[in-house]
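Enquirer: Below you'll find data.pdb; it's PDB, C-alpha atoms, pLDDT in the B column.
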ATOM      1  CA  ALA A   1       7.567  13.815  -6.466  1.00 54.00           C
ATOM      2  CA  GLN A   2       5.978  12.862  -3.187  1.00 52.00           C
ATOM      3  CA  LYS A   3       2.220  12.974  -3.569  1.00 89.00           C
ATOM      4  CA  ILE A   4       1.213  11.851  -0.090  1.00 95.00           C
ATOM      5  CA  THR A   5       2.688  13.445   3.016  1.00 95.00           C
ATOM      6  CA  GLN A   6       2.413  12.067   6.513  1.00 96.00           C
ATOM      7  CA  THR A   7       4.271  14.490   8.764  1.00 95.00           C
ATOM      8  CA  GLN A   8       4.175  12.406  11.951  1.00 95.00           C
ATOM      9  CA  PRO A   9       6.760   9.609  11.895  1.00 93.00           C
ATOM     10  CA  GLY A  10       5.521   8.457  15.302  1.00 95.00           C
ATOM     11  CA  MET A  11       2.586   9.103  17.602  1.00 96.00           C
ATOM     12  CA  PHE A  12       1.756   8.030  21.130  1.00 97.00           C
ATOM     13  CA  VAL A  13      -1.719   7.804  22.635  1.00 97.00           C
ATOM     14  CA  GLN A  14      -3.165   6.517  25.882  1.00 97.00           C
ATOM     15  CA  GLU A  15      -5.535   3.606  25.726  1.00 97.00           C
ATOM     16  CA  LYS A  16      -9.194   4.700  25.357  1.00 97.00           C
ATOM     17  CA  GLU A  17      -8.249   8.155  24.087  1.00 97.00           C
ATOM     18  CA  ALA A  18      -8.760   9.432  20.537  1.00 98.00           C
ATOM     19  CA  VAL A  19      -5.875  10.133  18.149  1.00 98.00           C
ATOM     20  CA  THR A  20      -5.610  11.915  14.809  1.00 98.00           C
ATOM     21  CA  LEU A  21      -3.089  10.850  12.180  1.00 98.00           C
ATOM     22  CA  ASP A  22      -2.347  13.504   9.596  1.00 98.00           C
ATOM     23  CA  CYS A  23      -2.275  13.104   5.827  1.00 98.00           C
ATOM     24  CA  THR A  24      -2.003  15.697   3.098  1.00 97.00           C
ATOM     25  CA  TYR A  25      -1.914  14.957  -0.604  1.00 96.00           C
ATOM     26  CA  ASP A  26      -1.077  16.710  -3.798  1.00 94.00           C
ATOM     27  CA  THR A  27      -2.988  16.209  -7.020  1.00 91.00           C
ATOM     28  CA  SER A  28      -4.559  18.290  -9.752  1.00 89.00           C
ATOM     29  CA  ASP A  29      -6.996  15.520 -10.592  1.00 89.00           C
ATOM     30  CA  GLN A  30     -10.660  16.051  -9.804  1.00 90.00           C
ATOM     31  CA  SER A  31     -11.415  12.377  -9.389  1.00 89.00           C
ATOM     32  CA  TYR A  32      -9.375  10.415  -6.884  1.00 91.00           C
ATOM     33  CA  GLY A  33      -9.770   8.097  -3.947  1.00 93.00           C
ATOM     34  CA  LEU A  34      -8.151   8.220  -0.520  1.00 96.00           C
ATOM     35  CA  PHE A  35      -7.453   5.203   1.648  1.00 96.00           C
ATOM     36  CA  TRP A  36      -6.016   4.413   5.036  1.00 97.00           C
ATOM     37  CA  TYR A  37      -4.261   1.117   5.719  1.00 97.00           C
ATOM     38  CA  LYS A  38      -2.937  -0.379   8.932  1.00 97.00           C
ATOM     39  CA  GLN A  39       0.204  -2.494   8.965  1.00 95.00           C
ATOM     40  CA  PRO A  40       0.850  -4.516  12.137  1.00 94.00           C
ATOM     41  CA  SER A  41       4.271  -5.993  12.788  1.00 90.00           C
ATOM     42  CA  SER A  42       3.228  -9.111  10.844  1.00 87.00           C
ATOM     43  CA  GLY A  43       3.563  -7.074   7.652  1.00 87.00           C
ATOM     44  CA  GLU A  44       0.144  -7.446   6.065  1.00 88.00           C
ATOM     45  CA  MET A  45      -1.595  -4.218   5.048  1.00 92.00           C
ATOM     46  CA  ILE A  46      -5.163  -4.015   6.317  1.00 94.00           C
ATOM     47  CA  PHE A  47      -7.705  -1.701   4.688  1.00 94.00           C
ATOM     48  CA  LEU A  48      -9.404   0.637   7.163  1.00 96.00           C
ATOM     49  CA  ILE A  49     -11.401   3.317   5.399  1.00 96.00           C
ATOM     50  CA  TYR A  50     -12.046   4.977   2.032  1.00 95.00           C
ATOM     51  CA  GLN A  51     -13.008   8.511   0.975  1.00 95.00           C
ATOM     52  CA  GLY A  52     -13.839   9.532  -2.590  1.00 94.00           C
ATOM     53  CA  SER A  53     -12.988  12.985  -3.859  1.00 93.00           C
ATOM     54  CA  TYR A  54     -16.639  13.713  -4.615  1.00 94.00           C
ATOM     55  CA  ASP A  55     -17.958  12.363  -1.321  1.00 92.00           C
ATOM     56  CA  GLU A  56     -19.444  15.235   0.644  1.00 89.00           C
ATOM     57  CA  GLN A  57     -19.671  13.421   3.950  1.00 94.00           C
ATOM     58  CA  ASN A  58     -16.701  12.212   5.934  1.00 95.00           C
ATOM     59  CA  ALA A  59     -16.304   8.446   5.828  1.00 96.00           C
ATOM     60  CA  THR A  60     -16.732   6.418   9.011  1.00 96.00           C
ATOM     61  CA  GLU A  61     -16.041   2.756   9.739  1.00 95.00           C
ATOM     62  CA  GLY A  62     -16.577   1.768  13.341  1.00 96.00           C
ATOM     63  CA  ARG A  63     -13.929   3.508  15.462  1.00 97.00           C
ATOM     64  CA  TYR A  64     -12.287   4.982  12.358  1.00 97.00           C
ATOM     65  CA  SER A  65     -13.350   8.214  10.736  1.00 97.00           C
ATOM     66  CA  LEU A  66     -11.747  10.283   8.040  1.00 97.00           C
ATOM     67  CA  ASN A  67     -11.636  14.058   8.402  1.00 97.00           C
ATOM     68  CA  PHE A  68     -11.697  15.072   4.736  1.00 96.00           C
ATOM     69  CA  GLN A  69     -10.919  18.705   3.933  1.00 96.00           C
ATOM     70  CA  LYS A  70     -10.802  18.873   0.172  1.00 94.00           C
ATOM     71  CA  ALA A  71      -9.740  22.504  -0.164  1.00 94.00           C
ATOM     72  CA  ARG A  72      -6.805  21.878   2.153  1.00 95.00           C
ATOM     73  CA  LYS A  73      -6.084  18.534   0.475  1.00 96.00           C
ATOM     74  CA  SER A  74      -6.026  16.753   3.779  1.00 97.00           C
ATOM     75  CA  ALA A  75      -7.472  13.406   4.799  1.00 97.00           C
ATOM     76  CA  ASN A  76      -6.719  12.837   8.457  1.00 98.00           C
ATOM     77  CA  LEU A  77      -7.586   9.552  10.148  1.00 98.00           C
ATOM     78  CA  VAL A  78      -9.270   9.735  13.538  1.00 98.00           C
ATOM     79  CA  ILE A  79      -9.223   6.662  15.754  1.00 98.00           C
ATOM     80  CA  SER A  80     -11.578   6.901  18.697  1.00 96.00           C
ATOM     81  CA  ALA A  81     -11.236   4.944  21.936  1.00 96.00           C
ATOM     82  CA  SER A  82      -7.750   3.611  21.131  1.00 97.00           C
ATOM     83  CA  GLN A  83      -6.986  -0.005  21.963  1.00 97.00           C
ATOM     84  CA  LEU A  84      -3.648  -1.704  22.547  1.00 97.00           C
ATOM     85  CA  GLY A  85      -4.194  -3.634  19.318  1.00 96.00           C
ATOM     86  CA  ASP A  86      -4.216  -0.378  17.375  1.00 97.00           C
ATOM     87  CA  SER A  87      -0.441  -0.133  17.786  1.00 97.00           C
ATOM     88  CA  ALA A  88       0.852  -0.400  14.211  1.00 97.00           C
ATOM     89  CA  MET A  89       2.056   1.567  11.191  1.00 96.00           C
ATOM     90  CA  TYR A  90      -0.672   3.550   9.450  1.00 98.00           C
ATOM     91  CA  PHE A  91      -0.452   4.507   5.806  1.00 97.00           C
ATOM     92  CA  CYS A  92      -2.429   7.070   3.884  1.00 97.00           C
ATOM     93  CA  ALA A  93      -2.807   6.233   0.202  1.00 95.00           C
ATOM     94  CA  MET A  94      -4.337   7.760  -2.898  1.00 94.00           C
ATOM     95  CA  ARG A  95      -5.644   6.349  -6.145  1.00 91.00           C
ATOM     96  CA  ARG A  96      -5.307   8.863  -8.930  1.00 86.00           C
ATOM     97  CA  PRO A  97      -5.480   8.411 -12.701  1.00 84.00           C
ATOM     98  CA  ASP A  98      -2.351   7.295 -14.465  1.00 78.00           C
ATOM     99  CA  SER A  99      -1.091   9.004 -17.606  1.00 75.00           C
ATOM    100  CA  GLY A 100      -3.626   7.117 -19.696  1.00 73.00           C
ATOM    101  CA  GLY A 101      -6.446   8.300 -17.501  1.00 71.00           C
ATOM    102  CA  SER A 102      -8.293   5.008 -17.284  1.00 72.00           C
ATOM    103  CA  ASN A 103      -6.463   3.300 -14.435  1.00 77.00           C
ATOM    104  CA  TYR A 104      -6.062   4.601 -10.934  1.00 81.00           C
ATOM    105  CA  LYS A 105      -2.619   3.897  -9.536  1.00 84.00           C
ATOM    106  CA  LEU A 106      -2.312   3.506  -5.761  1.00 88.00           C
ATOM    107  CA  THR A 107       0.516   5.386  -4.049  1.00 90.00           C
ATOM    108  CA  PHE A 108       1.342   5.582  -0.374  1.00 93.00           C
ATOM    109  CA  GLY A 109       2.679   8.020   2.163  1.00 94.00           C
ATOM    110  CA  LYS A 110       5.638   7.042   4.347  1.00 93.00           C
ATOM    111  CA  GLY A 111       3.453   6.102   7.275  1.00 95.00           C
ATOM    112  CA  THR A 112       2.999   6.951  10.944  1.00 96.00           C
ATOM    113  CA  LEU A 113       3.937   4.530  13.708  1.00 96.00           C
ATOM    114  CA  LEU A 114       1.216   4.630  16.344  1.00 98.00           C
ATOM    115  CA  THR A 115       1.911   3.319  19.830  1.00 97.00           C
ATOM    116  CA  VAL A 116      -0.971   2.887  22.239  1.00 97.00           C
ATOM    117  CA  ASN A 117       0.105   2.965  25.882  1.00 96.00           C
ATOM    118  CA  PRO A 118      -1.832   1.135  28.611  1.00 94.00           C
TER     119      PRO A 118
ATOM    120  CA  LYS B   1     -12.377 -16.883   0.716  1.00 61.00           C
ATOM    121  CA  ALA B   2      -8.594 -17.267   0.704  1.00 74.00           C
ATOM    122  CA  GLY B   3      -6.545 -14.087   0.897  1.00 92.00           C
ATOM    123  CA  VAL B   4      -3.497 -13.059  -1.042  1.00 95.00           C
ATOM    124  CA  THR B   5      -0.696 -15.572  -0.671  1.00 96.00           C
ATOM    125  CA  GLN B   6       2.934 -14.676  -1.097  1.00 97.00           C
ATOM    126  CA  THR B   7       5.750 -17.177  -1.141  1.00 97.00           C
ATOM    127  CA  PRO B   8       8.258 -17.504   0.255  1.00 97.00           C
ATOM    128  CA  ARG B   9       7.792 -15.453   3.429  1.00 96.00           C
ATOM    129  CA  TYR B  10      11.495 -15.053   4.054  1.00 97.00           C
ATOM    130  CA  LEU B  11      14.471 -15.257   1.760  1.00 96.00           C
ATOM    131  CA  ILE B  12      18.194 -14.724   2.134  1.00 98.00           C
ATOM    132  CA  LYS B  13      20.235 -14.274  -1.015  1.00 98.00           C
ATOM    133  CA  THR B  14      23.792 -13.319  -1.873  1.00 97.00           C
ATOM    134  CA  ARG B  15      24.682 -10.191  -3.807  1.00 97.00           C
ATOM    135  CA  GLY B  16      24.732 -10.913  -7.522  1.00 97.00           C
ATOM    136  CA  GLN B  17      22.197 -13.716  -7.375  1.00 98.00           C
ATOM    137  CA  GLN B  18      18.696 -13.526  -8.769  1.00 98.00           C
ATOM    138  CA  VAL B  19      15.406 -14.185  -7.002  1.00 98.00           C
ATOM    139  CA  THR B  20      11.807 -14.943  -7.935  1.00 98.00           C
ATOM    140  CA  LEU B  21       8.898 -14.089  -5.675  1.00 98.00           C
ATOM    141  CA  SER B  22       5.401 -15.425  -6.121  1.00 98.00           C
ATOM    142  CA  CYS B  23       1.954 -13.989  -5.467  1.00 98.00           C
ATOM    143  CA  SER B  24      -1.401 -15.743  -5.687  1.00 97.00           C
ATOM    144  CA  PRO B  25      -4.231 -13.199  -5.688  1.00 96.00           C
ATOM    145  CA  ILE B  26      -7.715 -13.572  -4.317  1.00 95.00           C
ATOM    146  CA  SER B  27      -9.838 -15.717  -6.592  1.00 94.00           C
ATOM    147  CA  GLY B  28     -11.492 -13.550  -9.227  1.00 92.00           C
ATOM    148  CA  HIS B  29      -9.060 -10.673  -8.902  1.00 93.00           C
ATOM    149  CA  ARG B  30      -7.320  -9.846 -12.160  1.00 92.00           C
ATOM    150  CA  SER B  31      -5.102  -6.989 -11.022  1.00 93.00           C
ATOM    151  CA  VAL B  32      -1.876  -7.654  -9.153  1.00 95.00           C
ATOM    152  CA  SER B  33       0.467  -4.905  -8.000  1.00 95.00           C
ATOM    153  CA  TRP B  34       3.891  -5.168  -6.406  1.00 97.00           C
ATOM    154  CA  TYR B  35       5.449  -2.800  -3.886  1.00 96.00           C
ATOM    155  CA  GLN B  36       8.860  -2.555  -2.284  1.00 97.00           C
ATOM    156  CA  GLN B  37       8.872  -1.416   1.338  1.00 96.00           C
ATOM    157  CA  THR B  38      12.020  -0.154   3.063  1.00 94.00           C
ATOM    158  CA  PRO B  39      12.405   1.918   6.243  1.00 88.00           C
ATOM    159  CA  GLY B  40      13.947   4.804   4.334  1.00 84.00           C
ATOM    160  CA  GLN B  41      11.761   4.967   1.230  1.00 87.00           C
ATOM    161  CA  GLY B  42       8.483   3.598   2.515  1.00 89.00           C
ATOM    162  CA  LEU B  43       6.211   1.795   0.065  1.00 92.00           C
ATOM    163  CA  GLN B  44       7.274   2.211  -3.510  1.00 93.00           C
ATOM    164  CA  PHE B  45       5.235   0.992  -6.451  1.00 93.00           C
ATOM    165  CA  LEU B  46       7.014  -1.510  -8.672  1.00 95.00           C
ATOM    166  CA  PHE B  47       4.459  -2.548 -11.281  1.00 92.00           C
ATOM    167  CA  GLU B  48       0.880  -3.597 -11.894  1.00 93.00           C
ATOM    168  CA  TYR B  49      -0.397  -6.437 -14.009  1.00 94.00           C
ATOM    169  CA  PHE B  50      -3.920  -6.897 -15.277  1.00 92.00           C
ATOM    170  CA  SER B  51      -4.973  -9.896 -17.326  1.00 91.00           C
ATOM    171  CA  GLU B  52      -1.348 -10.844 -18.049  1.00 94.00           C
ATOM    172  CA  THR B  53      -0.423  -7.341 -19.269  1.00 93.00           C
ATOM    173  CA  GLN B  54       1.776  -4.867 -17.445  1.00 92.00           C
ATOM    174  CA  ARG B  55      -0.354  -1.791 -17.052  1.00 88.00           C
ATOM    175  CA  ASN B  56       1.844   0.451 -14.932  1.00 86.00           C
ATOM    176  CA  LYS B  57       5.475   0.514 -13.966  1.00 89.00           C
ATOM    177  CA  GLY B  58       7.265   2.363 -11.210  1.00 90.00           C
ATOM    178  CA  ASN B  59      10.669   3.947 -11.311  1.00 91.00           C
ATOM    179  CA  PHE B  60      12.864   0.898 -10.781  1.00 95.00           C
ATOM    180  CA  PRO B  61      15.800  -0.381 -12.839  1.00 96.00           C
ATOM    181  CA  GLY B  62      15.347  -3.090 -15.431  1.00 96.00           C
ATOM    182  CA  ARG B  63      16.697  -5.681 -12.972  1.00 97.00           C
ATOM    183  CA  PHE B  64      13.168  -5.728 -11.587  1.00 98.00           C
ATOM    184  CA  SER B  65      10.701  -7.536 -13.780  1.00 97.00           C
ATOM    185  CA  GLY B  66       7.441  -9.337 -13.406  1.00 97.00           C
ATOM    186  CA  ARG B  67       4.827 -11.336 -15.166  1.00 97.00           C
ATOM    187  CA  GLN B  68       1.304 -12.560 -14.683  1.00 97.00           C
ATOM    188  CA  PHE B  69      -0.085 -15.899 -15.710  1.00 96.00           C
ATOM    189  CA  SER B  70      -3.492 -16.753 -17.118  1.00 95.00           C
ATOM    190  CA  ASN B  71      -4.711 -17.766 -13.648  1.00 93.00           C
ATOM    191  CA  SER B  72      -3.738 -14.262 -12.399  1.00 94.00           C
ATOM    192  CA  ARG B  73      -0.872 -15.552 -10.301  1.00 97.00           C
ATOM    193  CA  SER B  74       2.086 -13.242 -10.574  1.00 98.00           C
ATOM    194  CA  GLU B  75       5.821 -13.494 -10.150  1.00 98.00           C
ATOM    195  CA  MET B  76       8.416 -10.830  -9.798  1.00 98.00           C
ATOM    196  CA  ASN B  77      12.072 -11.358 -10.511  1.00 98.00           C
ATOM    197  CA  VAL B  78      15.085  -9.394  -9.382  1.00 98.00           C
ATOM    198  CA  SER B  79      18.343 -10.139 -11.142  1.00 96.00           C
ATOM    199  CA  THR B  80      21.871  -9.275 -10.034  1.00 97.00           C
ATOM    200  CA  LEU B  81      20.813  -8.566  -6.483  1.00 98.00           C
ATOM    201  CA  GLU B  82      22.290  -5.610  -4.637  1.00 97.00           C
ATOM    202  CA  LEU B  83      22.432  -4.986  -0.903  1.00 97.00           C
ATOM    203  CA  GLY B  84      19.904  -2.176  -1.346  1.00 96.00           C
ATOM    204  CA  ASP B  85      17.319  -4.632  -2.639  1.00 97.00           C
ATOM    205  CA  SER B  86      16.832  -5.894   0.906  1.00 97.00           C
ATOM    206  CA  ALA B  87      13.219  -5.054   1.645  1.00 97.00           C
ATOM    207  CA  LEU B  88       9.728  -6.314   2.298  1.00 96.00           C
ATOM    208  CA  TYR B  89       8.052  -7.005  -1.028  1.00 97.00           C
ATOM    209  CA  LEU B  90       4.288  -6.718  -0.888  1.00 96.00           C
ATOM    210  CA  CYS B  91       1.798  -7.958  -3.417  1.00 96.00           C
ATOM    211  CA  ALA B  92      -1.711  -6.533  -3.669  1.00 95.00           C
ATOM    212  CA  SER B  93      -4.631  -7.902  -5.602  1.00 95.00           C
ATOM    213  CA  SER B  94      -7.828  -6.168  -6.618  1.00 92.00           C
ATOM    214  CA  LEU B  95     -10.747  -6.631  -8.951  1.00 88.00           C
ATOM    215  CA  GLY B  96      -9.529  -3.765 -11.086  1.00 80.00           C
ATOM    216  CA  SER B  97      -7.993  -0.356 -10.568  1.00 78.00           C
ATOM    217  CA  GLY B  98     -10.908   2.004 -10.319  1.00 82.00           C
ATOM    218  CA  LYS B  99     -10.905   4.999  -8.046  1.00 78.00           C
ATOM    219  CA  ARG B 100     -12.505   3.238  -5.103  1.00 82.00           C
ATOM    220  CA  THR B 101     -11.093  -0.217  -5.676  1.00 85.00           C
ATOM    221  CA  GLU B 102      -9.750  -1.677  -2.474  1.00 88.00           C
ATOM    222  CA  ALA B 103      -6.406  -3.426  -2.703  1.00 91.00           C
ATOM    223  CA  PHE B 104      -5.905  -6.579  -0.635  1.00 93.00           C
ATOM    224  CA  PHE B 105      -2.376  -7.284   0.466  1.00 94.00           C
ATOM    225  CA  GLY B 106      -0.420 -10.399   1.218  1.00 94.00           C
ATOM    226  CA  GLN B 107       1.893 -10.697   4.204  1.00 93.00           C
ATOM    227  CA  GLY B 108       4.879 -10.011   2.034  1.00 95.00           C
ATOM    228  CA  THR B 109       8.201 -11.616   1.291  1.00 97.00           C
ATOM    229  CA  ARG B 110      11.070 -10.336   3.365  1.00 96.00           C
ATOM    230  CA  LEU B 111      14.195 -10.432   1.222  1.00 98.00           C
ATOM    231  CA  THR B 112      17.621 -10.040   2.767  1.00 98.00           C
ATOM    232  CA  VAL B 113      20.615  -9.635   0.474  1.00 98.00           C
ATOM    233  CA  VAL B 114      23.991 -10.350   2.075  1.00 97.00           C
TER     234      VAL B 114
END
I'd like the structure from this file rewritten - as structure tokens, please.

Expert:
Amino acid sequence: AQKITQTQPGMFVQEKEAVTLDCTYDTSDQSYGLFWYKQPSSGEMIFLIYQGSYDEQNATEGRYSLNFQKARKSANLVISASQLGDSAMYFCAMRRPDSGGSNYKLTFGKGTLLTVNP
Amino acid sequence: KAGVTQTPRYLIKTRGQQVTLSCSPISGHRSVSWYQQTPGQGLQFLFEYFSETQRNKGNFPGRFSGRQFSNSRSEMNVSTLELGDSALYLCASSLGSGKRTEAFFGQGTRLTVV
């Protein structure tokens, strides 16, 4: 069953504007971690930002911030002041305990292709 | 510090053949995970190795196998290749697999089966 849902296959934004990429997740675990990765056309996945399930404040990393709404099970990525180099695929991911409970397996959503227009 | 290295970067194989992909993790990282990425299915987890032991396995047929060596380098093997195995195969290394453990990815091996 799909645990991570990214409803926007593609998004467009003008350079210097802000954009929000949506992510909802499904888990009954209390302890889990949420990640966002960027994948440029070169293929390598680049870590952007992390949010823990018990973190009360939204995570921020430079121009990236994570809008974490635990009750809604959403973890949207906000990119401020978009740059042309932000054009890439963006993946939301979650680490949740495996069946043994001691390891946290990382699973991904299907991604959103962001295009930044000049 | 060197990143995750995957070899080869590109590969073309014929249906029915077998293939071995290699992944060298970041020095000190003992966990290596493999993912298959296709346009239709996205990123799908194949398996995870930690200290030479397979710790988790995704929902793939037995044609997909892997192993990890004592130096943490990992290989994955696909036997009897099918056209649907064409994909980008990504390797990720991490110190462990805790809740907030960041995974570092290689650039992937793009496999084309003809």

Enquirer: Taking all atoms listed in the file into account, name the residue in A:Thr60, A:Ser82, A:Ser102, A:Thr5 that is nearest to chain B.

Expert: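 Counting all atoms listed in the file, the residue closest to chain B is A:Ser102.
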
Enquirer: Residues of chain B that approach chain A to 10 Å or less, counting all atoms listed in the file: could you list each one with the shortest pair of atoms and its distance in Å to one decimal, rows by chain and increasing residue number, as JSON lines?

Expert:
{"residue": "B:Val4", "atom": "CA", "partner": "A:Glu44", "partner_atom": "CA", "distance": 9.8}
{"residue": "B:Ser33", "atom": "CA", "partner": "A:Leu106", "partner_atom": "CA", "distance": 9.1}
{"residue": "B:Tyr35", "atom": "CA", "partner": "A:Thr107", "partner_atom": "CA", "distance": 9.6}
{"residue": "B:Gln37", "atom": "CA", "partner": "A:Lys110", "partner_atom": "CA", "distance": 9.5}
{"residue": "B:Thr38", "atom": "CA", "partner": "A:Lys110", "partner_atom": "CA", "distance": 9.7}
{"residue": "B:Pro39", "atom": "CA", "partner": "A:Lys110", "partner_atom": "CA", "distance": 8.7}
{"residue": "B:Gly40", "atom": "CA", "partner": "A:Lys110", "partner_atom": "CA", "distance": 8.6}
{"residue": "B:Gln41", "atom": "CA", "partner": "A:Lys110", "partner_atom": "CA", "distance": 7.2}
{"residue": "B:Gly42", "atom": "CA", "partner": "A:Lys110", "partner_atom": "CA", "distance": 4.8}
{"residue": "B:Leu43", "atom": "CA", "partner": "A:Phe108", "partner_atom": "CA", "distance": 6.2}
{"residue": "B:Gln44", "atom": "CA", "partner": "A:Thr107", "partner_atom": "CA", "distance": 7.5}
{"residue": "B:Phe45", "atom": "CA", "partner": "A:Thr107", "partner_atom": "CA", "distance": 6.9}
{"residue": "B:Phe47", "atom": "CA", "partner": "A:Lys105", "partner_atom": "CA", "distance": 9.7}
{"residue": "B:Glu48", "atom": "CA", "partner": "A:Lys105", "partner_atom": "CA", "distance": 8.6}
{"residue": "B:Arg55", "atom": "CA", "partner": "A:Asn103", "partner_atom": "CA", "distance": 8.4}
{"residue": "B:Asn56", "atom": "CA", "partner": "A:Lys105", "partner_atom": "CA", "distance": 7.8}
{"residue": "B:Lys57", "atom": "CA", "partner": "A:Lys105", "partner_atom": "CA", "distance": 9.8}
{"residue": "B:Leu88", "atom": "CA", "partner": "A:Gly43", "partner_atom": "CA", "distance": 8.2}
{"residue": "B:Tyr89", "atom": "CA", "partner": "A:Gly43", "partner_atom": "CA", "distance": 9.8}
{"residue": "B:Leu90", "atom": "CA", "partner": "A:Glu44", "partner_atom": "CA", "distance": 8.1}
{"residue": "B:Cys91", "atom": "CA", "partner": "A:Glu44", "partner_atom": "CA", "distance": 9.6}
{"residue": "B:Ala92", "atom": "CA", "partner": "A:Met45", "partner_atom": "CA", "distance": 9.0}
{"residue": "B:Gly96", "atom": "CA", "partner": "A:Asn103", "partner_atom": "CA", "distance": 8.4}
{"residue": "B:Ser97", "atom": "CA", "partner": "A:Tyr104", "partner_atom": "CA", "distance": 5.3}
{"residue": "B:Gly98", "atom": "CA", "partner": "A:Tyr104", "partner_atom": "CA", "distance": 5.5}
{"residue": "B:Lys99", "atom": "CA", "partner": "A:Gly33", "partner_atom": "CA", "distance": 5.3}
{"residue": "B:Arg100", "atom": "CA", "partner": "A:Gly33", "partner_atom": "CA", "distance": 5.7}
{"residue": "B:Thr101", "atom": "CA", "partner": "A:Arg95", "partner_atom": "CA", "distance": 8.5}
{"residue": "B:Glu102", "atom": "CA", "partner": "A:Phe47", "partner_atom": "CA", "distance": 7.4}
{"residue": "B:Ala103", "atom": "CA", "partner": "A:Phe47", "partner_atom": "CA", "distance": 7.7}
{"residue": "B:Phe104", "atom": "CA", "partner": "A:Phe47", "partner_atom": "CA", "distance": 7.4}
{"residue": "B:Phe105", "atom": "CA", "partner": "A:Met45", "partner_atom": "CA", "distance": 5.6}
{"residue": "B:Gly106", "atom": "CA", "partner": "A:Glu44", "partner_atom": "CA", "distance": 5.7}
{"residue": "B:Gln107", "atom": "CA", "partner": "A:Glu44", "partner_atom": "CA", "distance": 4.1}
{"residue": "B:Gly108", "atom": "CA", "partner": "A:Gly43", "partner_atom": "CA", "distance": 6.5}
{"residue": "B:Thr109", "atom": "CA", "partner": "A:Gly43", "partner_atom": "CA", "distance": 9.1}
{"residue": "B:Arg110", "atom": "CA", "partner": "A:Gly43", "partner_atom": "CA", "distance": 9.2}

Enquirer: Considering only C-alpha atoms, return as a PDB file with C-alpha atoms, in the frame of the given file whatever protein or nucleic-acid residues lie within 10 Å of Thr20 (chain A), sequence-local ones (same chain, fewer than 2 positions apart) excluded.

Expert:
ATOM      1  CA  MET A  11       2.586   9.103  17.602  1.00 96.00           C
ATOM      2  CA  VAL A  13      -1.719   7.804  22.635  1.00 97.00           C
ATOM      3  CA  ALA A  18      -8.760   9.432  20.537  1.00 98.00           C
ATOM      4  CA  ASP A  22      -2.347  13.504   9.596  1.00 98.00           C
ATOM      5  CA  CYS A  23      -2.275  13.104   5.827  1.00 98.00           C
ATOM      6  CA  TYR A  64     -12.287   4.982  12.358  1.00 97.00           C
ATOM      7  CA  SER A  65     -13.350   8.214  10.736  1.00 97.00           C
ATOM      8  CA  LEU A  66     -11.747  10.283   8.040  1.00 97.00           C
ATOM      9  CA  ASN A  67     -11.636  14.058   8.402  1.00 97.00           C
ATOM     10  CA  ASN A  76      -6.719  12.837   8.457  1.00 98.00           C
ATOM     11  CA  LEU A  77      -7.586   9.552  10.148  1.00 98.00           C
ATOM     12  CA  VAL A  78      -9.270   9.735  13.538  1.00 98.00           C
ATOM     13  CA  ILE A  79      -9.223   6.662  15.754  1.00 98.00           C
ATOM     14  CA  SER A  80     -11.578   6.901  18.697  1.00 96.00           C
TER      15      SER A  80
END

Enquirer: Just to confirm, what's the straight-line distance from CA of Thr14 (chain B) to CA of Ala87 (chain B) in Å (one decimal)?

Expert: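 Going from CA of Thr14 (chain B) over to CA of Ala87 (chain B), I get 13.9 Å.
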
Enquirer: Using only C-alpha atoms, give me every residue within 6 Å of (5.9, 6.3, 13.5) in file coordinates, as a PyMOL selection string.

Expert: chain A and resi 9-11+112-114

Enquirer: Given the file shown, determine the residues that the PyMOL selection byres ((chain A and resi 88) around 8) selects; report them as a PyMOL selection string.

Expert: chain A and resi 38-41+85-87+89-90+113-115

Enquirer: Give me a file of those residues, with C-alpha atoms, as a PDB file, keeping the file's coordinate frame.

Expert:
ATOM      1  CA  LYS A  38      -2.937  -0.379   8.932  1.00 97.00           C
ATOM      2  CA  GLN A  39       0.204  -2.494   8.965  1.00 95.00           C
ATOM      3  CA  PRO A  40       0.850  -4.516  12.137  1.00 94.00           C
ATOM      4  CA  SER A  41       4.271  -5.993  12.788  1.00 90.00           C
ATOM      5  CA  GLY A  85      -4.194  -3.634  19.318  1.00 96.00           C
ATOM      6  CA  ASP A  86      -4.216  -0.378  17.375  1.00 97.00           C
ATOM      7  CA  SER A  87      -0.441  -0.133  17.786  1.00 97.00           C
ATOM      8  CA  MET A  89       2.056   1.567  11.191  1.00 96.00           C
ATOM      9  CA  TYR A  90      -0.672   3.550   9.450  1.00 98.00           C
ATOM     10  CA  LEU A 113       3.937   4.530  13.708  1.00 96.00           C
ATOM     11  CA  LEU A 114       1.216   4.630  16.344  1.00 98.00           C
ATOM     12  CA  THR A 115       1.911   3.319  19.830  1.00 97.00           C
TER      13      THR A 115
END

Enquirer: Between CA of Glu82 (chain B) and CA of Gln18 (chain B), what is the distance, to one decimal in Å?

Expert: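 Computing the Euclidean distance for CA of Glu82 (chain B) and CA of Gln18 (chain B) yields 9.6 Å.
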
Enquirer: I'd like the neighbourhood of Pro61 (chain B) as a ChimeraX atom specification, where a residue qualifies if any of its atoms comes within 12 Å (using all atoms listed in the file), though same-chain residues fewer than 5 positions away should be ignored.

Expert: /B:46-47,77-82,85

Enquirer: Listed atoms of region 30-43 of chain A, axis-aligned box, 6 Å per side: centre and edge lengths to one decimal in Å, as JSON?

Expert:
{"center_x": -3.6, "center_y": 3.5, "center_z": 1.5, "size_x": 27.7, "size_y": 37.2, "size_z": 34.6}

Enquirer: Once the PyMOL selection byres ((chain B and resi 72) around 8) is applied to the coordinates I shared, what remains selected? I want it as a list in words.

Expert: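 Written out, the selection comes to Ser24, Pro25, His29, Arg30, Ser31, Val32, Phe50, Ser51, Glu52, Gln68, Phe69, Ser70, Asn71, Arg73 and Ser74 of chain B.
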